[in-house]
$ cat run.cif   # mmCIF, C-alpha atoms
data_structure
loop_
_atom_site.label_atom_id
_atom_site.label_comp_id
_atom_site.auth_asym_id
_atom_site.auth_seq_id
_atom_site.Cartn_x
_atom_site.Cartn_y
_atom_site.Cartn_z
CA MET A 3 -41.27 -16.91 -17.27
CA GLU A 4 -39.40 -17.39 -20.52
CA LEU A 5 -38.01 -13.85 -20.45
CA LYS A 6 -36.41 -14.49 -17.06
CA ARG A 7 -34.57 -17.47 -18.52
CA ILE A 8 -33.38 -15.49 -21.49
CA ILE A 9 -32.01 -12.75 -19.26
CA GLU A 10 -30.30 -15.30 -17.05
CA GLY A 11 -28.64 -16.79 -20.11
CA LEU A 12 -27.59 -13.38 -21.41
CA ILE A 13 -26.04 -12.31 -18.12
CA PHE A 14 -24.22 -15.61 -17.84
CA ALA A 15 -22.82 -15.44 -21.35
CA ALA A 16 -21.90 -11.76 -21.31
CA GLU A 17 -18.25 -10.92 -20.94
CA SER A 18 -18.80 -8.08 -18.54
CA PRO A 19 -21.59 -6.69 -16.35
CA LEU A 20 -24.73 -6.15 -18.42
CA ALA A 21 -26.63 -2.92 -17.90
CA GLU A 22 -30.41 -2.99 -17.90
CA GLU A 23 -30.50 -0.56 -20.85
CA LYS A 24 -28.28 -2.92 -22.77
CA LEU A 25 -30.58 -5.82 -21.99
CA VAL A 26 -33.52 -3.84 -23.31
CA GLN A 27 -31.54 -3.11 -26.48
CA LEU A 28 -30.65 -6.76 -26.89
CA LEU A 29 -34.29 -7.80 -26.54
CA PRO A 30 -36.23 -5.47 -28.87
CA GLU A 31 -39.01 -8.00 -29.03
CA HIS A 32 -39.82 -7.39 -25.37
CA ALA A 33 -41.12 -4.25 -23.70
CA PRO A 34 -38.67 -2.49 -21.38
CA GLU A 35 -41.08 -2.81 -18.42
CA ASP A 36 -41.20 -6.57 -18.95
CA VAL A 37 -37.44 -6.79 -19.07
CA SER A 38 -37.25 -4.77 -15.86
CA ALA A 39 -39.79 -6.94 -14.08
CA ALA A 40 -38.08 -10.14 -15.22
CA LEU A 41 -34.76 -8.81 -13.96
CA ARG A 42 -36.23 -8.11 -10.52
CA ALA A 43 -37.75 -11.57 -10.42
CA LEU A 44 -34.42 -13.10 -11.38
CA GLU A 45 -32.71 -11.11 -8.64
CA GLY A 46 -35.16 -12.61 -6.19
CA ASP A 47 -34.42 -16.14 -7.41
CA PHE A 48 -30.74 -15.70 -6.75
CA GLY A 49 -31.42 -14.24 -3.33
CA THR A 50 -29.96 -16.75 -0.90
CA GLY A 51 -29.05 -20.38 -0.72
CA ARG A 52 -27.24 -20.48 -4.04
CA GLY A 53 -23.56 -20.68 -4.81
CA ILE A 54 -23.99 -17.94 -7.39
CA VAL A 55 -25.39 -14.49 -6.71
CA LEU A 56 -26.64 -11.80 -9.05
CA ARG A 57 -24.86 -8.56 -8.29
CA ARG A 58 -25.13 -5.01 -9.57
CA VAL A 59 -21.61 -3.88 -10.34
CA ALA A 60 -20.06 -1.27 -12.64
CA GLY A 61 -23.50 -0.13 -13.73
CA GLY A 62 -24.65 -3.57 -14.83
CA TRP A 63 -25.62 -7.06 -13.69
CA GLN A 64 -23.22 -9.93 -13.24
CA LEU A 65 -23.28 -13.45 -11.86
CA ARG A 66 -20.62 -14.02 -9.24
CA THR A 67 -19.84 -16.76 -6.76
CA ALA A 68 -20.98 -16.17 -3.20
CA PRO A 69 -18.13 -14.64 -1.16
CA GLU A 70 -18.36 -17.24 1.63
CA LEU A 71 -17.33 -19.88 -0.89
CA ALA A 72 -14.03 -18.19 -1.67
CA PRO A 73 -11.80 -20.74 0.08
CA GLN A 74 -13.18 -23.60 -1.98
CA VAL A 75 -13.73 -21.80 -5.25
CA ALA A 76 -10.18 -20.46 -5.19
CA ARG A 77 -8.96 -24.03 -5.55
CA VAL A 78 -10.31 -24.22 -9.06
CA ARG A 79 -8.56 -21.03 -10.17
CA ASN A 80 -4.92 -20.71 -11.14
CA GLN A 81 -4.29 -17.37 -9.69
CA THR A 82 -6.00 -15.17 -7.13
CA LEU A 83 -5.89 -11.42 -6.86
CA LYS A 84 -2.91 -9.87 -5.18
CA LEU A 85 -2.90 -6.19 -4.52
CA SER A 86 -0.06 -4.66 -2.61
CA ARG A 87 -0.55 -1.98 0.03
CA ALA A 88 1.11 0.51 -2.31
CA ALA A 89 -1.28 -0.35 -5.12
CA LEU A 90 -4.29 -0.03 -2.83
CA GLU A 91 -3.13 3.34 -1.53
CA THR A 92 -2.54 4.60 -5.04
CA LEU A 93 -5.96 3.37 -6.13
CA ALA A 94 -7.56 4.93 -3.06
CA SER A 95 -5.83 8.26 -3.75
CA VAL A 96 -7.09 8.32 -7.31
CA ALA A 97 -10.53 6.89 -6.62
CA TYR A 98 -11.61 9.65 -4.25
CA ARG A 99 -9.99 12.62 -5.96
CA GLN A 100 -9.77 11.77 -9.63
CA PRO A 101 -8.52 12.77 -12.01
CA LEU A 102 -5.02 13.27 -10.65
CA THR A 103 -1.61 13.74 -12.20
CA ARG A 104 1.29 11.55 -11.23
CA ALA A 105 2.81 14.46 -9.34
CA GLN A 106 -0.35 14.92 -7.31
CA ILE A 107 -0.49 11.22 -6.48
CA GLU A 108 3.15 11.27 -5.44
CA ASP A 109 2.51 14.29 -3.23
CA ILE A 110 -0.15 12.35 -1.37
CA ARG A 111 1.75 9.12 -0.98
CA GLY A 112 5.16 10.65 -0.48
CA VAL A 113 6.84 8.11 -2.77
CA ASP A 114 7.71 7.79 -6.42
CA CYS A 115 4.79 6.14 -8.23
CA GLY A 116 5.97 5.76 -11.81
CA ASN A 117 6.32 2.00 -11.95
CA LEU A 118 3.23 1.42 -9.92
CA LEU A 119 1.09 3.66 -12.12
CA ARG A 120 2.34 1.88 -15.20
CA ALA A 121 1.48 -1.46 -13.65
CA LEU A 122 -1.98 -0.35 -12.59
CA VAL A 123 -2.70 1.00 -16.05
CA LYS A 124 -1.52 -2.29 -17.53
CA ARG A 125 -3.85 -4.14 -15.17
CA LYS A 126 -6.64 -1.85 -16.38
CA LEU A 127 -7.41 -0.57 -12.91
CA LEU A 128 -6.37 2.93 -13.87
CA LYS A 129 -6.49 4.77 -17.14
CA ILE A 130 -5.24 8.03 -18.56
CA ALA A 131 -8.20 10.35 -18.85
CA GLY A 132 -6.91 13.41 -20.61
CA ARG A 133 -4.21 15.87 -19.65
CA LYS A 134 -4.04 18.69 -17.19
CA GLU A 135 -4.02 22.07 -18.92
CA VAL A 136 -0.87 23.34 -17.30
CA PRO A 137 2.65 23.66 -18.70
CA GLY A 138 3.90 20.21 -19.59
CA ARG A 139 0.33 18.92 -19.99
CA PRO A 140 0.85 15.96 -17.66
CA PRO A 141 -1.49 12.97 -18.04
CA LEU A 142 -4.40 12.68 -15.63
CA TYR A 143 -5.18 9.32 -14.04
CA ALA A 144 -8.65 8.02 -13.29
CA THR A 145 -10.15 4.69 -12.24
CA THR A 146 -11.67 2.37 -14.82
CA LYS A 147 -14.74 0.22 -15.18
CA THR A 148 -12.53 -2.74 -14.30
CA PHE A 149 -11.73 -0.98 -11.04
CA LEU A 150 -15.45 -0.90 -10.26
CA GLU A 151 -15.77 -4.58 -11.13
CA VAL A 152 -12.84 -5.60 -8.96
CA PHE A 153 -13.96 -3.58 -5.94
CA ASP A 154 -17.61 -4.53 -6.17
CA LEU A 155 -18.83 -0.99 -6.81
CA ASP A 156 -21.81 0.00 -8.89
CA ASP A 157 -20.34 3.41 -9.54
CA LEU A 158 -17.93 5.87 -7.92
CA GLY A 159 -20.75 7.28 -5.84
CA HIS A 160 -20.76 3.96 -4.00
CA LEU A 161 -17.22 4.37 -2.71
CA PRO A 162 -17.30 3.86 1.05
CA SER A 163 -17.42 7.20 2.77
CA LEU A 164 -14.52 8.21 4.95
CA ALA A 165 -14.63 8.72 8.70
CA GLU A 166 -14.66 12.51 8.89
CA GLY A 167 -16.72 13.83 6.02
CA GLU A 168 -16.78 12.99 2.36
CA SER A 169 -13.52 14.13 0.89
CA LEU A 170 -9.87 13.41 1.39
CA ALA A 171 -9.07 17.10 1.44
CA SER A 172 -7.56 17.90 4.79
CA PRO A 173 -7.87 21.29 6.50
CA PHE A 174 -4.29 22.02 5.53
CA THR A 175 -4.74 21.65 1.78
CA GLY A 176 -3.43 24.72 0.09
CA THR A 177 -0.47 25.09 2.44
CA ALA A 178 2.62 25.08 0.27
CA ARG A 179 4.47 21.79 0.33
CA PRO A 180 8.00 21.12 -0.86
CA ARG A 181 8.14 19.35 -4.20
CA ALA A 182 11.11 17.12 -4.90
CA MET P 10 17.84 4.42 24.22
CA THR P 11 21.40 3.20 23.70
CA PRO P 12 23.43 5.72 21.72
CA LEU P 13 23.82 4.67 18.10
CA SER P 14 27.58 4.92 18.34
CA ASP P 15 27.53 2.09 20.87
CA ILE P 16 25.80 -0.14 18.37
CA VAL P 17 26.98 0.64 14.87
CA GLU P 18 29.89 2.64 13.53
CA PRO P 19 29.14 5.38 11.03
CA THR P 20 29.88 4.25 7.49
CA THR P 21 32.99 5.56 5.86
CA THR P 22 34.00 6.19 2.26
CA ALA P 23 36.18 3.10 2.50
CA GLN P 24 33.01 1.09 2.04
CA ALA P 25 33.04 1.05 -1.75
CA GLY P 26 32.03 -2.46 -2.78
CA GLY P 27 30.08 -3.05 0.40
CA TRP P 28 26.57 -4.28 -0.23
CA ARG P 29 23.78 -1.89 0.52
CA VAL P 30 20.08 -2.53 0.54
CA HIS P 31 17.97 0.11 -1.14
CA LEU P 32 14.80 1.02 0.65
CA ASP P 33 12.41 0.77 -2.21
CA ASP P 34 9.74 2.99 -3.56
CA TYR P 35 6.97 1.60 -1.46
CA GLU P 36 8.28 2.89 1.84
CA GLY P 37 8.60 6.62 1.72
CA PRO P 38 9.34 9.41 4.18
CA LEU P 39 5.65 9.81 4.97
CA ASP P 40 5.54 6.15 5.97
CA LEU P 41 8.48 6.74 8.29
CA LEU P 42 6.89 9.87 9.76
CA LEU P 43 3.69 8.00 10.38
CA HIS P 44 5.60 5.14 11.97
CA LEU P 45 7.38 7.55 14.30
CA VAL P 46 4.20 9.42 15.14
CA ARG P 47 2.46 6.18 16.08
CA ARG P 48 5.43 4.69 17.88
CA GLY P 49 5.89 7.89 19.86
CA GLN P 50 2.13 8.16 20.39
CA MET P 51 2.16 11.71 19.07
CA ASP P 52 -0.95 13.63 18.23
CA VAL P 53 -1.02 14.13 14.45
CA MET P 54 -3.10 17.24 14.89
CA ASN P 55 -0.55 18.73 17.25
CA VAL P 56 2.78 17.21 16.41
CA PRO P 57 5.76 17.81 18.75
CA ILE P 58 7.99 18.93 15.93
CA ALA P 59 11.29 18.92 17.82
CA ARG P 60 10.83 15.36 19.00
CA LEU P 61 9.61 14.15 15.62
CA THR P 62 12.57 15.78 13.87
CA ALA P 63 15.01 14.23 16.32
CA ASP P 64 13.46 10.77 15.95
CA TYR P 65 13.44 11.09 12.17
CA LEU P 66 17.06 12.16 11.91
CA ALA P 67 18.13 9.41 14.31
CA TYR P 68 16.29 6.91 12.15
CA LEU P 69 18.01 8.05 8.98
CA ASP P 70 21.32 7.82 10.77
CA PHE P 71 20.58 4.26 11.91
CA MET P 72 19.56 3.13 8.43
CA GLU P 73 22.70 4.64 7.00
CA ARG P 74 24.82 2.78 9.50
CA VAL P 75 23.24 -0.60 8.76
CA SER P 76 23.86 -0.31 5.03
CA ILE P 77 20.43 0.81 3.97
CA ASP P 78 20.17 3.40 1.24
CA THR P 79 17.16 5.66 1.07
CA ALA P 80 15.75 7.72 -1.77
CA GLY P 81 16.49 11.42 -1.95
CA THR P 82 12.99 12.15 -0.74
CA PHE P 83 14.04 11.00 2.74
CA ALA P 84 16.78 13.60 2.86
CA LEU P 85 14.36 16.19 1.52
CA MET P 86 11.93 15.37 4.31
CA ALA P 87 14.74 15.69 6.85
CA ALA P 88 15.54 19.15 5.54
CA THR P 89 11.87 20.08 5.64
CA LEU P 90 11.51 18.94 9.25
CA VAL P 91 14.58 20.86 10.34
CA HIS P 92 13.28 23.93 8.56
CA ILE P 93 9.87 23.67 10.16
CA LYS P 94 11.42 23.16 13.55
CA SER P 95 13.48 26.31 13.20
CA ARG P 96 10.47 28.28 12.05
CA ALA P 97 8.51 26.96 15.00
CA LEU P 98 11.15 28.33 17.33
CA LEU P 99 10.95 31.83 15.91
CA PRO P 100 8.10 34.25 16.51
CA ALA P 101 5.49 33.32 13.89
CA PRO P 102 4.89 35.70 11.00
CA VAL P 103 1.47 37.25 11.27
CA ASP P 104 -0.69 36.97 8.19
CA ALA P 105 -1.51 40.55 7.25
CA ALA P 106 -4.99 39.77 5.97
CA GLU P 107 -6.24 37.54 8.74
CA GLY P 108 -4.09 38.54 11.66
CA ASP P 109 -3.69 34.84 12.47
CA GLU P 110 -0.40 33.11 13.15
CA GLU P 111 0.60 30.61 10.52
CA ASP P 112 1.48 27.22 11.94
CA PRO P 113 4.73 26.15 10.26
CA ARG P 114 3.94 22.53 11.14
CA GLY P 115 1.09 22.66 8.64
CA GLU P 116 3.62 21.81 5.99
CA ILE P 117 4.02 18.36 7.54
CA MET P 118 0.69 17.81 9.22
CA GLY P 119 -1.24 18.45 6.02
CA PRO P 120 0.46 15.71 4.03
CA LEU P 121 0.45 13.40 7.03
CA LEU P 122 -3.27 13.77 7.62
CA ASP P 123 -3.97 13.31 3.93
CA TYR P 124 -1.85 10.21 3.95
CA VAL P 125 -3.61 8.76 6.98
CA LYS P 126 -6.91 9.23 5.19
CA VAL P 127 -5.57 7.53 2.09
CA LYS P 128 -4.41 4.58 4.20
CA ASP P 129 -7.84 4.36 5.80
CA ALA P 130 -9.48 4.51 2.40
CA ALA P 131 -7.14 1.84 1.07
CA GLU P 132 -8.04 -0.40 4.00
CA MET P 133 -11.75 0.08 3.32
CA LEU P 134 -11.21 -0.87 -0.30
CA ARG P 135 -9.23 -3.92 0.72
CA GLN P 136 -12.10 -5.14 2.89
CA ARG P 137 -14.64 -5.18 0.10
CA GLU P 138 -15.57 -8.40 -1.69
CA LEU P 139 -12.86 -8.35 -4.30
CA LEU P 140 -13.06 -10.00 -7.67
CA ASP P 141 -10.71 -12.95 -7.94
CA ARG P 142 -10.12 -13.00 -4.21
CA ASP P 143 -13.55 -13.30 -2.59
CA VAL P 144 -15.86 -13.65 -5.58
CA PHE P 145 -15.27 -15.15 -9.00
CA ILE P 146 -16.87 -14.88 -12.39
CA ARG P 147 -17.14 -17.30 -15.24
CA GLY P 148 -14.01 -17.18 -17.33
CA GLN P 149 -10.91 -15.21 -16.59
CA ALA P 150 -11.25 -11.71 -15.26
CA GLU P 151 -8.94 -9.59 -17.36
CA LEU P 152 -6.73 -8.22 -14.70
CA GLY P 153 -3.41 -8.25 -16.47
CA GLU P 154 -0.20 -9.46 -14.97
CA GLU P 155 0.79 -9.15 -11.40
CA ALA P 156 3.61 -6.70 -11.90
CA GLU P 157 4.35 -5.65 -8.37
CA GLU P 158 7.11 -6.71 -6.07
CA GLY P 159 6.70 -8.38 -2.75
CA GLU P 160 4.95 -6.47 -0.03
CA LEU P 161 5.12 -6.42 3.74
CA SER P 162 1.51 -6.99 4.78
CA THR P 163 1.07 -5.03 7.99
CA VAL P 164 4.65 -5.26 9.14
CA SER P 165 6.65 -2.37 7.73
CA VAL P 166 10.35 -2.12 7.12
CA PHE P 167 10.43 0.27 10.04
CA ASP P 168 8.90 -2.29 12.37
CA LEU P 169 11.67 -4.65 11.27
CA LEU P 170 14.30 -2.01 11.82
CA ASP P 171 12.98 -1.30 15.29
CA ALA P 172 13.14 -4.99 16.12
CA PHE P 173 16.62 -5.16 14.71
CA ARG P 174 17.85 -2.20 16.69
CA THR P 175 16.51 -3.73 19.88
CA LEU P 176 18.30 -6.94 19.01
CA LEU P 177 21.58 -5.12 18.43
CA GLU P 178 21.26 -3.28 21.70
CA THR P 179 21.12 -6.54 23.60
CA ARG P 180 24.40 -7.70 22.16
CA ARG P 181 26.94 -5.50 23.78
CA GLU P 182 30.21 -5.84 22.00
CA GLU P 183 32.41 -3.51 20.06
CA PRO P 184 30.43 -1.12 17.86
CA LEU P 185 30.01 -2.89 14.57
CA LEU P 186 31.52 -1.58 11.36
CA VAL P 187 29.16 -2.68 8.62
CA GLU P 188 30.78 -3.85 5.45
CA VAL P 189 29.44 -6.89 3.69
CA GLU P 190 29.70 -8.19 0.14
CA GLN P 191 26.76 -8.83 -2.11
CA GLU P 192 27.66 -12.49 -2.43
CA THR P 193 27.55 -13.04 1.29
CA VAL P 194 24.11 -11.50 1.52
CA GLN P 195 22.83 -13.59 -1.35
CA GLU P 196 24.26 -16.75 0.13
CA ARG P 197 22.44 -15.91 3.32
CA VAL P 198 19.21 -15.37 1.40
CA GLY P 199 19.53 -18.88 -0.01
CA ARG P 200 20.23 -20.35 3.40
CA LEU P 201 17.34 -18.51 5.06
CA SER P 202 14.93 -19.62 2.35
CA LEU P 203 15.84 -23.21 3.00
CA VAL P 204 15.58 -22.88 6.75
CA LEU P 205 12.22 -21.17 6.50
CA SER P 206 10.69 -23.66 4.12
CA ARG P 207 11.81 -26.52 6.36
CA SER P 208 10.67 -25.01 9.62
CA GLY P 209 7.52 -23.42 8.22
CA GLY P 210 8.34 -20.17 9.93
CA MET P 211 10.19 -18.84 12.95
CA PRO P 212 10.29 -15.88 15.31
CA PHE P 213 12.41 -12.93 14.15
CA ARG P 214 14.76 -13.37 17.09
CA SER P 215 15.66 -16.96 16.26
CA LEU P 216 17.14 -15.83 12.98
CA PHE P 217 19.93 -14.38 15.12
CA PRO P 218 21.25 -17.13 17.37
CA GLY P 219 23.19 -16.04 20.44
CA GLY P 220 26.55 -17.27 19.18
CA ALA P 221 26.47 -15.30 15.92
CA THR P 222 28.96 -12.48 15.48
CA ARG P 223 27.71 -8.91 15.03
CA ARG P 224 28.76 -9.09 11.38
CA GLU P 225 26.70 -12.22 10.82
CA VAL P 226 23.77 -10.55 12.47
CA ILE P 227 23.93 -7.67 10.01
CA ILE P 228 24.28 -9.99 7.04
CA THR P 229 21.25 -11.94 8.15
CA PHE P 230 19.24 -8.76 8.59
CA LEU P 231 20.17 -7.42 5.16
CA ALA P 232 19.35 -10.80 3.66
CA LEU P 233 15.96 -10.65 5.35
CA LEU P 234 15.30 -7.18 3.91
CA GLU P 235 16.15 -8.39 0.44
CA MET P 236 13.81 -11.33 0.88
CA VAL P 237 11.08 -8.99 1.99
CA LYS P 238 11.57 -6.88 -1.11
CA GLY P 239 11.50 -9.96 -3.32
CA GLY P 240 8.35 -11.37 -1.75
CA MET P 241 10.25 -14.39 -0.47
CA VAL P 242 8.92 -14.08 3.07
CA ARG P 243 5.74 -13.15 4.85
CA LEU P 244 5.81 -11.25 8.10
CA ILE P 245 3.28 -11.03 10.87
CA GLN P 246 3.37 -9.15 14.13
CA ASP P 247 1.40 -9.96 17.27
CA GLU P 248 0.01 -7.48 19.80
CA GLY P 249 3.17 -7.80 21.85
CA GLY P 250 5.15 -6.54 18.87
CA GLU P 251 6.91 -9.86 18.27
CA ILE P 252 7.54 -10.48 14.60
CA THR P 253 7.30 -13.92 13.00
CA VAL P 254 8.95 -14.72 9.68
CA LEU P 255 7.17 -17.15 7.41
CA PRO P 256 7.85 -18.65 4.01
CA PRO P 257 5.66 -17.32 1.18
CA LEU P 258 2.31 -18.95 0.47
CA ALA P 259 2.70 -21.71 -2.05
CA GLY P 260 1.39 -20.92 -5.52
CA VAL P 261 0.81 -17.25 -4.94
CA ALA P 262 1.81 -15.29 -8.01
#
$ encode --input "run.cif" --output "structure tokens"
Amino acid sequence: MELKRIIEGLIFAAESPLAEEKLVQLLPEHAPEDVSAALRALEGDFGTGRGIVLRRVAGGWQLRTAPELAPQVARVRNQTLKLSRAALETLASVAYRQPLTRAQIEDIRGVDCGNLLRALVKRKLLKIAGRKEVPGRPPLYATTKTFLEVFDLDDLGHLPSLAEGESLASPFTGTARPRA
Amino acid sequence: MTPLSDIVEPTTTAQAGGWRVHLDDYEGPLDLLLHLVRRGQMDVMNVPIARLTADYLAYLDFMERVSIDTAGTFALMAATLVHIKSRALLPAPVDAAEGDEEDPRGEIMGPLLDYVKVKDAAEMLRQRELLDRDVFIRGQAELGEEAEEGELSTVSVFDLLDAFRTLLETRREEPLLVEVEQETVQERVGRLSLVLSRSGGMPFRSLFPGGATRREVIITFLALLEMVKGGMVRLIQDEGGEITVLPPLAGVA
């Protein structure tokens, strides 16, 4: 099907995950149902046995190398992802309870987070999403679309659920804690 | 456990100019609490506050004696623990509305439980198929610069300190007064780097050969801490608790 090939080309050439709605927009000469069907067919083609897979991530479609090939594929890249434990914990804190102020994040992690937050914003994994309407109007941090792309998530609803229940709020939340 | 005073002298004000390692921002008082809770096999839901406070204060004392500076938040946590402990000893105030006793330990257990959940969540995130680690896309993913300092993998500074304390205990000499210059520590860092890259890695213990003086032992340990901070070593720990020190992976940013 010619449409399938066009979509494959578009997804390959796009600079970020391509949402189905966007594909429909880009292809006004084709009916949305046809685009949808072609996409499903394409997904099937990339099923197994290929070095590249078609994944739904950050609300769109993207071609990515198969994870099992990581050891070899890494050889052709200059730099691979490094995320420290501190960065992961900060991202986890924000991801499940966003938006959060720096003070709230520091309360959870028990350490100063200034430099780390700056770095994560610079790496586009976190962003400032408004300010909290309290005295001082501190910035609120939230995860970005890049965060979804890096962690292979379609949206925040796909965050892995935690062992006991869905939220990070512990039974003791609300008990006064000392603030430095 | 051997009394601290048998191992290391308390630091004195005469130590101006002595090199001190600063325990950086990525190891906070909650990390230490968690380390102590796990090491002491305490129940987070029902923490033995007196024992935890004692362990915590002893730990701060030990770090102080081996030239490690901690952020003010560590002292704040110490004060909090002592406060909670004293409240736990008194008859609990009864909440007028509910008639229930308020557990003073909630002030610690709440943050600790939250933190454990965050660590679990972080681990779950780490295990996903990450872009630029497990899967790759055409072209460069725009992830910005790697701006973070070296990290410890699963071996924490506190694991290292525990190993170090055990090591010191086995060398019974005069209690050591710790006072070392920055230059000496940096020289040692250089030497260790060389040794590690040649040997490809060695057990923690072999960094401290039997003939070394107590002072040399401290210098080596401080040098190791600095290397950990700077990402110049990797650490792994086996089930028996033995730590191995390895050179960094080649080419890793």
$ resolve_selection --input "run.cif" --expression "the PyMOL selection byres ((chain A and resi 61-66) around 8)" --output "PDB file with C-alpha atoms, in the coordinates of the input"
ATOM      1  CA  ILE A  13     -26.040 -12.310 -18.120  1.00  0.00           C
ATOM      2  CA  PHE A  14     -24.220 -15.610 -17.840  1.00  0.00           C
ATOM      3  CA  SER A  18     -18.800  -8.080 -18.540  1.00  0.00           C
ATOM      4  CA  PRO A  19     -21.590  -6.690 -16.350  1.00  0.00           C
ATOM      5  CA  LEU A  20     -24.730  -6.150 -18.420  1.00  0.00           C
ATOM      6  CA  ALA A  21     -26.630  -2.920 -17.900  1.00  0.00           C
ATOM      7  CA  GLU A  22     -30.410  -2.990 -17.900  1.00  0.00           C
ATOM      8  CA  ILE A  54     -23.990 -17.940  -7.390  1.00  0.00           C
ATOM      9  CA  VAL A  55     -25.390 -14.490  -6.710  1.00  0.00           C
ATOM     10  CA  LEU A  56     -26.640 -11.800  -9.050  1.00  0.00           C
ATOM     11  CA  ARG A  57     -24.860  -8.560  -8.290  1.00  0.00           C
ATOM     12  CA  ARG A  58     -25.130  -5.010  -9.570  1.00  0.00           C
ATOM     13  CA  VAL A  59     -21.610  -3.880 -10.340  1.00  0.00           C
ATOM     14  CA  ALA A  60     -20.060  -1.270 -12.640  1.00  0.00           C
ATOM     15  CA  THR A  67     -19.840 -16.760  -6.760  1.00  0.00           C
ATOM     16  CA  ALA A  68     -20.980 -16.170  -3.200  1.00  0.00           C
ATOM     17  CA  ASP A 156     -21.810   0.000  -8.890  1.00  0.00           C
ATOM     18  CA  ASP A 157     -20.340   3.410  -9.540  1.00  0.00           C
TER      19      ASP A 157
ATOM     20  CA  VAL P 144     -15.860 -13.650  -5.580  1.00  0.00           C
ATOM     21  CA  PHE P 145     -15.270 -15.150  -9.000  1.00  0.00           C
ATOM     22  CA  ILE P 146     -16.870 -14.880 -12.390  1.00  0.00           C
ATOM     23  CA  ARG P 147     -17.140 -17.300 -15.240  1.00  0.00           C
TER      24      ARG P 147
END
$ atom_distance --input "run.cif" --atom1 "CA of Gln195 (chain P)" --atom2 "CA of Glu178 (chain P)"
25.3 Å
$ resolve_selection --input "run.cif" --expression "the PyMOL selection byres ((chain P and resi 243-256) around 6)" --output "MDAnalysis selection string"
chainID P and resid 205:206 210:213 242 257
$ closest_residue --input "run.cif" --among "P:Phe217, P:Phe83, P:Phe167, P:Phe230" --to "chain A" --atoms "all atoms listed in the file"
P:Phe83
$ atom_distance --input "run.cif" --atom1 "CA of Pro113 (chain P)" --atom2 "CA of Val56 (chain P)"
11.0 Å
$ resolve_selection --input "run.cif" --expression "the PyMOL selection byres ((chain A and resi 145) around 9)" --output "number ranges by chain"
A: 93, 96-97, 100-101, 126-131, 143-144, 146-150, 158
$ write_last_selection --input "run.cif" --atoms "C-alpha atoms" --output "PDB file, keeping the file's coordinate frame"
ATOM      1  CA  LEU A  93      -5.960   3.370  -6.130  1.00  0.00           C
ATOM      2  CA  VAL A  96      -7.090   8.320  -7.310  1.00  0.00           C
ATOM      3  CA  ALA A  97     -10.530   6.890  -6.620  1.00  0.00           C
ATOM      4  CA  GLN A 100      -9.770  11.770  -9.630  1.00  0.00           C
ATOM      5  CA  PRO A 101      -8.520  12.770 -12.010  1.00  0.00           C
ATOM      6  CA  LYS A 126      -6.640  -1.850 -16.380  1.00  0.00           C
ATOM      7  CA  LEU A 127      -7.410  -0.570 -12.910  1.00  0.00           C
ATOM      8  CA  LEU A 128      -6.370   2.930 -13.870  1.00  0.00           C
ATOM      9  CA  LYS A 129      -6.490   4.770 -17.140  1.00  0.00           C
ATOM     10  CA  ILE A 130      -5.240   8.030 -18.560  1.00  0.00           C
ATOM     11  CA  ALA A 131      -8.200  10.350 -18.850  1.00  0.00           C
ATOM     12  CA  TYR A 143      -5.180   9.320 -14.040  1.00  0.00           C
ATOM     13  CA  ALA A 144      -8.650   8.020 -13.290  1.00  0.00           C
ATOM     14  CA  THR A 146     -11.670   2.370 -14.820  1.00  0.00           C
ATOM     15  CA  LYS A 147     -14.740   0.220 -15.180  1.00  0.00           C
ATOM     16  CA  THR A 148     -12.530  -2.740 -14.300  1.00  0.00           C
ATOM     17  CA  PHE A 149     -11.730  -0.980 -11.040  1.00  0.00           C
ATOM     18  CA  LEU A 150     -15.450  -0.900 -10.260  1.00  0.00           C
ATOM     19  CA  LEU A 158     -17.930   5.870  -7.920  1.00  0.00           C
TER      20      LEU A 158
END
$ atom_distance --input "run.cif" --atom1 "CA of Val152 (chain A)" --atom2 "CA of Glu138 (chain P)"
8.3 Å
$ closest_residue --input "run.cif" --among "A:Glu135, A:Glu17, A:Glu4, A:Glu35" --to "chain P" --atoms "all atoms listed in the file"
A:Glu17
$ closest_residue --input "run.cif" --among "A:Arg104, A:Arg42, A:Arg133, A:Arg87" --to "Leu119 (chain A)" --atoms "all atoms listed in the file"
A:Arg104
